[in-house]
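Novice: One structure follows; several queries about it will come next.
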Amino acid sequence: MSEIVLRSLQIDDAEIFALHANNSAIADNMTNQFPFPYTKAHALEFIRRLNGFKPAQVFAIDLDGEAIGAIGLHPQTDIFLKNAELGYWLAEKYWGKGFVSIAIKKIVEYGFSSFEIDRIFARPFGSNKASQRVLEKTGFVLEARLEKIIYKNNRYEDELIYAIRRK
Ligand SMILES: CC(C)(COP(=O)(O)OP(=O)(O)OC[C@H]1O[C@@H](n2cnc3c(N)ncnc32)[C@H](O)[C@@H]1OP(=O)(O)O)[C@@H](O)C(=O)NCCC(=O)NCCS
């Protein structure tokens with residue numbers, strides 16, 4: 001059976017990566033830093049910018065050699081230096097197969113062994129039930145709900161803060 005692996009994104013991934021990313025059903029659940037439409041030029045810029053980080057912060061979610069999504073950890077700075085933010089998306093045709101749950105488990109293990117952090121957090125929108133479920137399935141705990149602080153696509157959204165702590 002095919003397995004999900006996390007690996008670095010390569011310039012050669014840009015075309016298929018952009019095809020998967022170019023989807024309003026994904027962009028609607030992300031910050032506005034995730035563009036829609038999503039072009040190959042956006043993918044190339046993303047891959048070039050993020051491949052400079054050591055240790056790596058962003059990985060392709062790879063299925064049989066194809067980059068079908070991305071997952072990343074963003075270590076925070078200043079007084080928040082013991083925290084890292086988790087972000088992820090997956091090509092819509094692969095939703096509901098448990099792939100992102102597997103990817104999160106892998107990156108949490110990687111994060112706590114590669115960075116001097118004590119806490120990994122994610123901030124799904126209140127309406128993003130799939131993302132909330134994935135976080136709950138992978139051991140994240142709901143720490144806060146900030147009501148209607150997000151404004152996207154002409155409507156207000158709650159922000160939920162989920163986190164997992166170093167054991
Ligand atoms: C959120 C996302 C990453 C989930 O990836 P995935 O690989 O489909 O996740 P999984 O298959 O591991 O788990 C999805 C879970 O959500 C559940 N789910 C899906 N839609 C749901 C809904 N509307 N209400 C409640 N639960 C829902 C599924 O049933 C499944 O739970 P289960 O295993 O208990 O049945 C994917 O949908 C995605 O890329 N969405 C757009 C981008 C995004 O939201 N990124 C995260 C921003 S915080």
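Ligands are numbered from 1 in the order shown, residues from 1 within each chain, and chains are lettered A, B, ... in the order they appear in the structure tokens.
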May I have the residues within 12 Å of segment 105-115 of chain A as an NGL selection string, using only C-alpha atoms and disregarding those fewer than 5 positions away in the same chain?
Specialist: :A and (4-7 or 54-61 or 70-76 or 81-88 or 98-100 or 120-122 or 134-140 or 163-167)
Novice: Store the residues of this selection in a file with C-alpha atoms, as a JSON list (two decimals), in the first residue's frame.
Specialist:
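Generated output (again_12.json):
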[["chain", "number", "residue", "atom", "x", "y", "z"],
["A", 4, "ILE", "CA", 2.69, 9.14, 3.00],
["A", 5, "VAL", "CA", 6.21, 10.50, 3.41],
["A", 6, "LEU", "CA", 7.43, 14.00, 4.22],
["A", 7, "ARG", "CA", 10.28, 15.23, 2.02],
["A", 54, "LYS", "CA", 17.99, 24.77, 8.26],
["A", 55, "PRO", "CA", 16.59, 22.79, 9.97],
["A", 56, "ALA", "CA", 13.88, 22.48, 7.31],
["A", 57, "GLN", "CA", 10.52, 24.00, 8.22],
["A", 58, "VAL", "CA", 8.28, 22.99, 5.31],
["A", 59, "PHE", "CA", 7.84, 19.59, 3.64],
["A", 60, "ALA", "CA", 5.95, 18.15, 0.72],
["A", 61, "ILE", "CA", 3.32, 15.60, 1.68],
["A", 70, "ALA", "CA", 2.46, 20.69, 2.18],
["A", 71, "ILE", "CA", 2.99, 20.80, 5.92],
["A", 72, "GLY", "CA", 5.20, 23.19, 7.85],
["A", 73, "LEU", "CA", 6.34, 24.31, 11.25],
["A", 74, "HIS", "CA", 7.16, 27.95, 11.84],
["A", 75, "PRO", "CA", 9.25, 28.57, 14.97],
["A", 76, "GLN", "CA", 8.25, 31.80, 16.68],
["A", 81, "LEU", "CA", 10.61, 31.34, 20.97],
["A", 82, "LYS", "CA", 9.49, 28.11, 22.66],
["A", 83, "ASN", "CA", 6.53, 27.80, 20.28],
["A", 84, "ALA", "CA", 6.10, 26.85, 16.63],
["A", 85, "GLU", "CA", 3.03, 27.24, 14.44],
["A", 86, "LEU", "CA", 1.83, 24.31, 12.37],
["A", 87, "GLY", "CA", 0.22, 24.77, 8.94],
["A", 88, "TYR", "CA", -0.90, 22.26, 6.29],
["A", 98, "GLY", "CA", -6.14, 10.02, 7.00],
["A", 99, "PHE", "CA", -3.12, 11.42, 5.12],
["A", 100, "VAL", "CA", -2.82, 14.69, 7.03],
["A", 120, "ILE", "CA", 3.29, 23.37, 18.67],
["A", 121, "PHE", "CA", 0.06, 25.19, 17.87],
["A", 122, "ALA", "CA", -2.39, 25.49, 14.99],
["A", 134, "VAL", "CA", -7.43, 16.16, 12.44],
["A", 135, "LEU", "CA", -5.87, 18.09, 15.31],
["A", 136, "GLU", "CA", -7.98, 16.29, 17.91],
["A", 137, "LYS", "CA", -7.10, 12.91, 16.36],
["A", 138, "THR", "CA", -3.39, 13.71, 16.60],
["A", 139, "GLY", "CA", -3.39, 14.71, 20.28],
["A", 140, "PHE", "CA", -3.81, 18.48, 20.06],
["A", 163, "ALA", "CA", -1.76, 22.96, 20.81],
["A", 164, "ILE", "CA", 0.35, 19.97, 21.73],
["A", 165, "ARG", "CA", 3.09, 20.17, 24.38],
["A", 166, "ARG", "CA", 6.44, 18.41, 24.61],
["A", 167, "LYS", "CA", 5.97, 15.28, 26.73]]
Novice: Can you list, as a PDB file with C-alpha atoms, in the first residue's frame, every protein, DNA or RNA residue that comes within 12 Å of Asn128 of chain A when you count only C-alpha atoms, leaving out same-chain residues fewer than 6 positions away?
Specialist:
ATOM      1  CA  ALA A  25     -11.770  25.030  -1.126  1.00  0.00           C
ATOM      2  CA  ILE A  26      -8.190  25.091   0.197  1.00  0.00           C
ATOM      3  CA  ALA A  27      -7.565  28.849   0.018  1.00  0.00           C
ATOM      4  CA  ASP A  28     -10.846  29.580   1.845  1.00  0.00           C
ATOM      5  CA  ASN A  29      -9.416  27.908   4.963  1.00  0.00           C
ATOM      6  CA  MET A  30      -5.993  29.565   4.842  1.00  0.00           C
ATOM      7  CA  VAL A 134      -7.433  16.159  12.442  1.00  0.00           C
ATOM      8  CA  LEU A 135      -5.869  18.093  15.312  1.00  0.00           C
ATOM      9  CA  GLU A 157     -14.825  33.641  11.580  1.00  0.00           C
ATOM     10  CA  ASP A 158     -13.749  32.445  15.010  1.00  0.00           C
ATOM     11  CA  GLU A 159     -10.111  31.449  15.445  1.00  0.00           C
ATOM     12  CA  LEU A 160      -9.509  28.244  17.413  1.00  0.00           C
TER      13      LEU A 160
END
Novice: Quick one: DSSP strand (DSSP E or B) residues in chain A, as a PDB file with C-alpha atoms, in the first residue's frame?
Specialist:
ATOM      1  CA  ILE A   4       2.689   9.142   2.996  1.00  0.00           C
ATOM      2  CA  VAL A   5       6.207  10.504   3.411  1.00  0.00           C
ATOM      3  CA  LEU A   6       7.432  14.001   4.216  1.00  0.00           C
ATOM      4  CA  ARG A   7      10.281  15.232   2.024  1.00  0.00           C
ATOM      5  CA  VAL A  58       8.280  22.986   5.313  1.00  0.00           C
ATOM      6  CA  PHE A  59       7.845  19.593   3.640  1.00  0.00           C
ATOM      7  CA  ALA A  60       5.946  18.154   0.724  1.00  0.00           C
ATOM      8  CA  ILE A  61       3.318  15.599   1.678  1.00  0.00           C
ATOM      9  CA  ASP A  62       4.428  12.949  -0.809  1.00  0.00           C
ATOM     10  CA  LEU A  63       2.355  10.072  -2.158  1.00  0.00           C
ATOM     11  CA  GLU A  66       3.977  13.240  -6.073  1.00  0.00           C
ATOM     12  CA  ALA A  67       3.751  16.358  -3.886  1.00  0.00           C
ATOM     13  CA  ILE A  68       0.029  16.293  -2.986  1.00  0.00           C
ATOM     14  CA  GLY A  69       0.199  18.937  -0.272  1.00  0.00           C
ATOM     15  CA  ALA A  70       2.461  20.688   2.181  1.00  0.00           C
ATOM     16  CA  ILE A  71       2.994  20.797   5.920  1.00  0.00           C
ATOM     17  CA  GLY A  72       5.199  23.186   7.848  1.00  0.00           C
ATOM     18  CA  LEU A  73       6.342  24.311  11.255  1.00  0.00           C
ATOM     19  CA  HIS A  74       7.161  27.950  11.840  1.00  0.00           C
ATOM     20  CA  PRO A  75       9.254  28.574  14.969  1.00  0.00           C
ATOM     21  CA  ASN A  83       6.526  27.804  20.278  1.00  0.00           C
ATOM     22  CA  ALA A  84       6.101  26.853  16.632  1.00  0.00           C
ATOM     23  CA  GLU A  85       3.031  27.243  14.436  1.00  0.00           C
ATOM     24  CA  LEU A  86       1.826  24.307  12.369  1.00  0.00           C
ATOM     25  CA  GLY A  87       0.223  24.765   8.935  1.00  0.00           C
ATOM     26  CA  TYR A  88      -0.900  22.260   6.292  1.00  0.00           C
ATOM     27  CA  TRP A  89      -3.031  21.650   3.230  1.00  0.00           C
ATOM     28  CA  LEU A  90      -3.778  18.652   1.040  1.00  0.00           C
ATOM     29  CA  ARG A 119       4.658  23.746  22.210  1.00  0.00           C
ATOM     30  CA  ILE A 120       3.292  23.366  18.666  1.00  0.00           C
ATOM     31  CA  PHE A 121       0.065  25.189  17.875  1.00  0.00           C
ATOM     32  CA  ALA A 122      -2.389  25.492  14.986  1.00  0.00           C
ATOM     33  CA  PHE A 125     -11.063  28.733  11.505  1.00  0.00           C
ATOM     34  CA  VAL A 141      -5.919  20.162  22.745  1.00  0.00           C
ATOM     35  CA  LEU A 142      -8.250  23.102  22.198  1.00  0.00           C
ATOM     36  CA  GLU A 143      -6.760  25.946  24.245  1.00  0.00           C
ATOM     37  CA  ALA A 144      -8.881  28.890  23.159  1.00  0.00           C
ATOM     38  CA  ARG A 145     -11.605  30.150  20.892  1.00  0.00           C
ATOM     39  CA  LEU A 146     -11.294  33.782  19.865  1.00  0.00           C
ATOM     40  CA  GLU A 147     -14.662  34.883  18.579  1.00  0.00           C
ATOM     41  CA  LYS A 148     -15.003  36.556  15.193  1.00  0.00           C
ATOM     42  CA  ILE A 149     -11.460  37.906  14.932  1.00  0.00           C
ATOM     43  CA  ILE A 150     -10.941  36.637  11.368  1.00  0.00           C
ATOM     44  CA  TYR A 151     -12.425  38.420   8.385  1.00  0.00           C
ATOM     45  CA  LYS A 152     -12.213  36.483   5.132  1.00  0.00           C
ATOM     46  CA  ARG A 155     -17.518  37.149   6.665  1.00  0.00           C
ATOM     47  CA  TYR A 156     -16.297  36.866  10.229  1.00  0.00           C
ATOM     48  CA  GLU A 157     -14.825  33.641  11.580  1.00  0.00           C
ATOM     49  CA  ASP A 158     -13.749  32.445  15.010  1.00  0.00           C
ATOM     50  CA  GLU A 159     -10.111  31.449  15.445  1.00  0.00           C
ATOM     51  CA  LEU A 160      -9.509  28.244  17.413  1.00  0.00           C
ATOM     52  CA  ILE A 161      -6.135  27.664  19.026  1.00  0.00           C
ATOM     53  CA  TYR A 162      -5.085  24.021  19.326  1.00  0.00           C
ATOM     54  CA  ALA A 163      -1.755  22.956  20.807  1.00  0.00           C
ATOM     55  CA  ILE A 164       0.350  19.968  21.734  1.00  0.00           C
ATOM     56  CA  ARG A 165       3.086  20.172  24.381  1.00  0.00           C
TER      57      ARG A 165
END
Novice: List as a list in words the protein and nucleic acid residues near Ile47 of chain A, meaning an atom at most 8 Å away when only C-alpha atoms are counted, but skip any in the same chain fewer than 6 places from it.
Specialist: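 Once the nearby chain positions are removed, what remains is Leu9, Gln10, Ile11 and Ala14 of chain A.
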Novice: Write the residues you've just listed into a file as a PDB file, in the first residue's frame, and include C-alpha atoms for each of them.
Specialist:
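And here's selection.pdb as it stands now:
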ATOM      1  CA  LEU A   9       9.977  20.325  -2.010  1.00  0.00           C
ATOM      2  CA  GLN A  10      11.935  20.482  -5.273  1.00  0.00           C
ATOM      3  CA  ILE A  11      11.735  22.920  -8.160  1.00  0.00           C
ATOM      4  CA  ALA A  14       6.186  23.273  -8.817  1.00  0.00           C
TER       5      ALA A  14
END
Novice: Between A:Gly96, A:Gly52, A:Gly65, A:Pro35, which one has atoms that come closest to Ile16 of chain A, using only C-alpha atoms?
Specialist: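 Among A:Gly96, A:Gly52, A:Gly65, A:Pro35, it is A:Gly65 that comes nearest to Ile16 of chain A.
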Novice: If we count only C-alpha atoms, what is near Asn22 of chain A at a cut-off of 8 Å, once residues fewer than 5 positions away on the same chain are taken out, given as a list of chain:residue names?
Specialist: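 My reading of the contact set: A:Ala27, A:Phe36, A:Pro37, A:Tyr38, A:Thr39.
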Novice: Please dump the current selection as a short mmCIF file (atom, residue, chain, number, x, y, z; two decimals), in the first residue's frame; keep N, CA and C atoms.
Specialist:
data_model
loop_
_atom_site.label_atom_id
_atom_site.label_comp_id
_atom_site.auth_asym_id
_atom_site.auth_seq_id
_atom_site.Cartn_x
_atom_site.Cartn_y
_atom_site.Cartn_z
N ALA A 27 -7.88 27.45 -0.31
CA ALA A 27 -7.57 28.85 0.02
C ALA A 27 -8.56 29.44 1.01
N PHE A 36 -5.06 32.71 -4.19
CA PHE A 36 -6.01 32.09 -5.11
C PHE A 36 -6.35 33.11 -6.18
N PRO A 37 -6.15 32.83 -7.47
CA PRO A 37 -5.60 31.58 -8.01
C PRO A 37 -4.14 31.37 -7.61
N TYR A 38 -3.73 30.12 -7.60
CA TYR A 38 -2.36 29.73 -7.21
C TYR A 38 -1.65 29.26 -8.48
N THR A 39 -0.62 30.01 -8.87
CA THR A 39 0.06 29.73 -10.14
C THR A 39 1.38 28.97 -9.92
#
Novice: Would you mind writing down, as a ChimeraX atom specification, each residue of chain A that DSSP on the backbone assigns to alpha helix (DSSP H)?
Specialist: /A:14-21,24-27,40-50,99-114,129-137
Novice: Next, write the just-selected residues to a file, as a CSV table (one decimal), in the first residue's frame, keeping N, CA and C atoms as the atom set.
Specialist:
chain,number,residue,atom,x,y,z
A,14,ALA,N,7.0,22.0,-8.8
A,14,ALA,CA,6.2,23.3,-8.8
A,14,ALA,C,4.9,23.1,-9.6
A,15,GLU,N,5.0,22.5,-10.8
A,15,GLU,CA,3.8,22.4,-11.6
A,15,GLU,C,2.6,21.6,-11.0
A,16,ILE,N,2.9,20.4,-10.5
A,16,ILE,CA,1.8,19.6,-9.9
A,16,ILE,C,1.4,20.2,-8.6
A,17,PHE,N,2.4,20.8,-7.8
A,17,PHE,CA,2.1,21.5,-6.6
A,17,PHE,C,1.1,22.6,-6.8
A,18,ALA,N,1.3,23.4,-7.8
A,18,ALA,CA,0.4,24.5,-8.1
A,18,ALA,C,-1.0,24.0,-8.6
A,19,LEU,N,-1.0,22.9,-9.3
A,19,LEU,CA,-2.3,22.4,-9.8
A,19,LEU,C,-3.1,22.0,-8.6
A,20,HIS,N,-2.5,21.3,-7.6
A,20,HIS,CA,-3.3,20.9,-6.4
A,20,HIS,C,-3.7,22.1,-5.5
A,21,ALA,N,-2.8,23.1,-5.4
A,21,ALA,CA,-3.0,24.2,-4.5
A,21,ALA,C,-4.0,25.2,-5.1
A,24,SER,N,-10.1,26.9,-4.5
A,24,SER,CA,-10.7,27.9,-3.5
A,24,SER,C,-11.1,27.1,-2.2
A,25,ALA,N,-11.4,25.8,-2.3
A,25,ALA,CA,-11.8,25.0,-1.1
A,25,ALA,C,-10.6,24.9,-0.2
A,26,ILE,N,-9.4,25.0,-0.7
A,26,ILE,CA,-8.2,25.1,0.2
A,26,ILE,C,-8.0,26.5,0.7
A,27,ALA,N,-7.9,27.4,-0.3
A,27,ALA,CA,-7.6,28.8,0.0
A,27,ALA,C,-8.6,29.4,1.0
A,40,LYS,N,2.0,28.5,-11.0
A,40,LYS,CA,3.3,27.9,-10.9
A,40,LYS,C,4.3,28.8,-10.4
A,41,ALA,N,4.2,30.1,-10.7
A,41,ALA,CA,5.1,31.1,-10.2
A,41,ALA,C,5.0,31.2,-8.7
A,42,HIS,N,3.8,31.1,-8.1
A,42,HIS,CA,3.6,31.2,-6.7
A,42,HIS,C,4.4,29.9,-6.1
A,43,ALA,N,4.2,28.8,-6.7
A,43,ALA,CA,4.8,27.6,-6.2
A,43,ALA,C,6.3,27.7,-6.2
A,44,LEU,N,6.9,28.2,-7.3
A,44,LEU,CA,8.3,28.4,-7.4
A,44,LEU,C,8.9,29.3,-6.4
A,45,GLU,N,8.2,30.4,-6.2
A,45,GLU,CA,8.6,31.4,-5.1
A,45,GLU,C,8.6,30.7,-3.8
A,46,PHE,N,7.5,30.0,-3.5
A,46,PHE,CA,7.4,29.3,-2.2
A,46,PHE,C,8.5,28.3,-2.0
A,47,ILE,N,8.7,27.5,-3.0
A,47,ILE,CA,9.8,26.4,-2.9
A,47,ILE,C,11.2,27.0,-2.7
A,48,ARG,N,11.5,28.1,-3.4
A,48,ARG,CA,12.8,28.7,-3.3
A,48,ARG,C,13.0,29.3,-2.0
A,49,ARG,N,11.9,30.0,-1.5
A,49,ARG,CA,12.0,30.8,-0.2
A,49,ARG,C,12.2,29.8,0.9
A,50,LEU,N,11.5,28.7,0.9
A,50,LEU,CA,11.4,27.8,2.1
A,50,LEU,C,12.6,26.8,2.1
A,99,PHE,N,-4.5,11.0,5.5
A,99,PHE,CA,-3.1,11.4,5.1
A,99,PHE,C,-2.6,12.6,6.0
A,100,VAL,N,-3.4,13.6,6.2
A,100,VAL,CA,-2.8,14.7,7.0
A,100,VAL,C,-2.6,14.3,8.5
A,101,SER,N,-3.5,13.4,9.0
A,101,SER,CA,-3.2,12.9,10.4
A,101,SER,C,-1.8,12.3,10.5
A,102,ILE,N,-1.5,11.5,9.5
A,102,ILE,CA,-0.2,10.8,9.4
A,102,ILE,C,0.9,11.9,9.3
A,103,ALA,N,0.7,12.9,8.5
A,103,ALA,CA,1.7,13.9,8.3
A,103,ALA,C,1.9,14.7,9.5
A,104,ILE,N,0.8,15.0,10.3
A,104,ILE,CA,1.0,15.8,11.5
A,104,ILE,C,1.8,15.0,12.5
A,105,LYS,N,1.5,13.7,12.7
A,105,LYS,CA,2.2,12.9,13.7
A,105,LYS,C,3.7,12.9,13.3
A,106,LYS,N,4.0,12.8,12.0
A,106,LYS,CA,5.5,12.8,11.7
A,106,LYS,C,6.1,14.2,11.9
A,107,ILE,N,5.4,15.3,11.7
A,107,ILE,CA,6.1,16.6,11.8
A,107,ILE,C,6.1,17.0,13.3
A,108,VAL,N,5.2,16.5,14.1
A,108,VAL,CA,5.3,16.8,15.5
A,108,VAL,C,6.5,16.2,16.1
A,109,GLU,N,6.7,14.9,15.7
A,109,GLU,CA,7.9,14.2,16.2
A,109,GLU,C,9.2,14.9,15.8
A,110,TYR,N,9.2,15.3,14.5
A,110,TYR,CA,10.4,16.0,13.9
A,110,TYR,C,10.6,17.3,14.6
A,111,GLY,N,9.5,18.1,14.9
A,111,GLY,CA,9.6,19.4,15.5
A,111,GLY,C,10.2,19.4,16.9
A,112,PHE,N,9.7,18.4,17.7
A,112,PHE,CA,10.2,18.4,19.1
A,112,PHE,C,11.7,17.8,19.1
A,113,SER,N,12.1,17.1,18.1
A,113,SER,CA,13.5,16.6,18.1
A,113,SER,C,14.4,17.6,17.4
A,114,SER,N,13.9,18.5,16.6
A,114,SER,CA,14.8,19.4,15.8
A,114,SER,C,14.9,20.8,16.3
A,129,LYS,N,-14.2,22.3,10.3
A,129,LYS,CA,-14.4,21.1,11.1
A,129,LYS,C,-13.3,20.0,10.8
A,130,ALA,N,-13.0,19.8,9.5
A,130,ALA,CA,-12.0,18.8,9.2
A,130,ALA,C,-10.7,19.0,9.8
A,131,SER,N,-10.2,20.3,9.8
A,131,SER,CA,-8.9,20.6,10.4
A,131,SER,C,-9.0,20.4,11.9
A,132,GLN,N,-10.1,20.8,12.5
A,132,GLN,CA,-10.2,20.6,14.0
A,132,GLN,C,-10.2,19.1,14.4
A,133,ARG,N,-10.9,18.3,13.6
A,133,ARG,CA,-10.9,16.9,13.8
A,133,ARG,C,-9.5,16.3,13.7
A,134,VAL,N,-8.8,16.7,12.7
A,134,VAL,CA,-7.4,16.2,12.4
A,134,VAL,C,-6.6,16.5,13.7
A,135,LEU,N,-6.7,17.7,14.2
A,135,LEU,CA,-5.9,18.1,15.3
A,135,LEU,C,-6.3,17.3,16.5
A,136,GLU,N,-7.6,17.1,16.7
A,136,GLU,CA,-8.0,16.3,17.9
A,136,GLU,C,-7.5,14.9,17.8
A,137,LYS,N,-7.6,14.3,16.6
A,137,LYS,CA,-7.1,12.9,16.4
A,137,LYS,C,-5.6,12.7,16.6
Novice: Just the number, please: distance in Å from atom 22 (C, counted along the ligand's line) of ligand 1 to atom CA of Trp95 of chain A, one decimal.
Specialist: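 These two atoms are separated by 11.0 Å.
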Novice: Pick out the closest residue to ligand 1 from this set: A:Asp118, A:Glu3, A:Thr77, A:Tyr94. Count only C-alpha atoms and all ligand atoms.
Specialist: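 Nearest to ligand 1: A:Tyr94.
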Novice: Tell me which of A:Glu116, A:Asp12, A:Glu92, A:Asp78 sits closest to ligand 1, counting only C-alpha atoms and all ligand atoms.
Specialist: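 Of the candidates, the smallest distance to ligand 1 is held by A:Glu92.
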Novice: Name the closest residue to ligand 1 among the candidates A:Pro124, A:Lys93, A:Ser8, A:Phe34; distances are taken between atoms, counting only C-alpha atoms and all ligand atoms.
Specialist: A:Pro124
